[in-house]
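In what follows, a structure is listed as structure tokens, so that the remarks can point back to it.
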Amino acid sequence: MGWFRRRDGERGFNERAIDLIEELLADHMIDRGEALMGADIRKRIEAVHHGLSDAHLTLGPHMTIGNTVVWFWTIRGTHTSAKFMGLAPSGKEVSLTGVNIDRLENGRVVEHRESAGFAEYLDQLKAAVSS
């Protein structure tokens, strides 16, 4: 997959071009993400775009170990679009950070794990709504 293919995922997220992201995912990818009650990665991306109208993904450091890629990321956006995670729009900028661990076959993700700082993210949203 390499850094260039990960950039396709970043571009796909930022341009709302889900087809670029789909090209990176195997047809029968196993998604072990637990965020948003275990929703599929496509649904998690959709939820972030829905809640943060200007959501922008920035990729951080990465490393490759055999056929596994570990990469860090940050999403920043303004909580303006809709009720998100039970909270009314605040108009405040928030950020979410995380790490993905992806196992690859033939250059496509066959198994995906994700750990995101949702507790800190919810704290930001709650603080924004109450201020």
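Going by the structure tokens order, chains are called A, B, ..., each with residues numbered from 1, while ligands are numbered from 1 in the order shown.
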>> Residues within 10 Å of stretch 96-105 of chain A, please, as a PyMOL selection string. Count only C-alpha atoms; anything in the same chain fewer than 4 positions from it doesn't count.
In response: chain A and resi 1+24-26+29-33+48+57-77+109-122+124
>> To test your reading of the structure, identify every residue in chain A that backbone DSSP assigns to strand (DSSP E), and report it as an MDAnalysis selection string.
In response: chainID A and resid 25:31 56:65 68:78 93:105 108:116
> Between atom CA of A:His50 and atom CA of A:Ser95, what is the spacing in Å?
Replying inline: 14.7 Å
> How many Å lie between atom CA of A:Asp54 and atom CA of A:Phe13, rounded to one decimal?
Replying inline: 10.9 Å
>> as a ChimeraX atom specification, please: every residue in stretch 26-106 of chain A that DSSP puts in helix (DSSP H, G or I).
In response: /A:35-38,41-51
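Using only C-alpha atoms, the smallest distance between any of A:His56, A:His28, A:Ser81, A:Ile45 and A:Arg11 comes from A:His56.
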> Near A:Gly9, counting only C-alpha atoms, which residues have an atom at most 9 Å away, once you skip same-chain residues fewer than 6 positions from it, shown as a list in words?
Replying inline: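 Within the cut-off, the hits are Ile18, Leu20, Ile21, Glu22, Glu23 and Leu24 of chain A.
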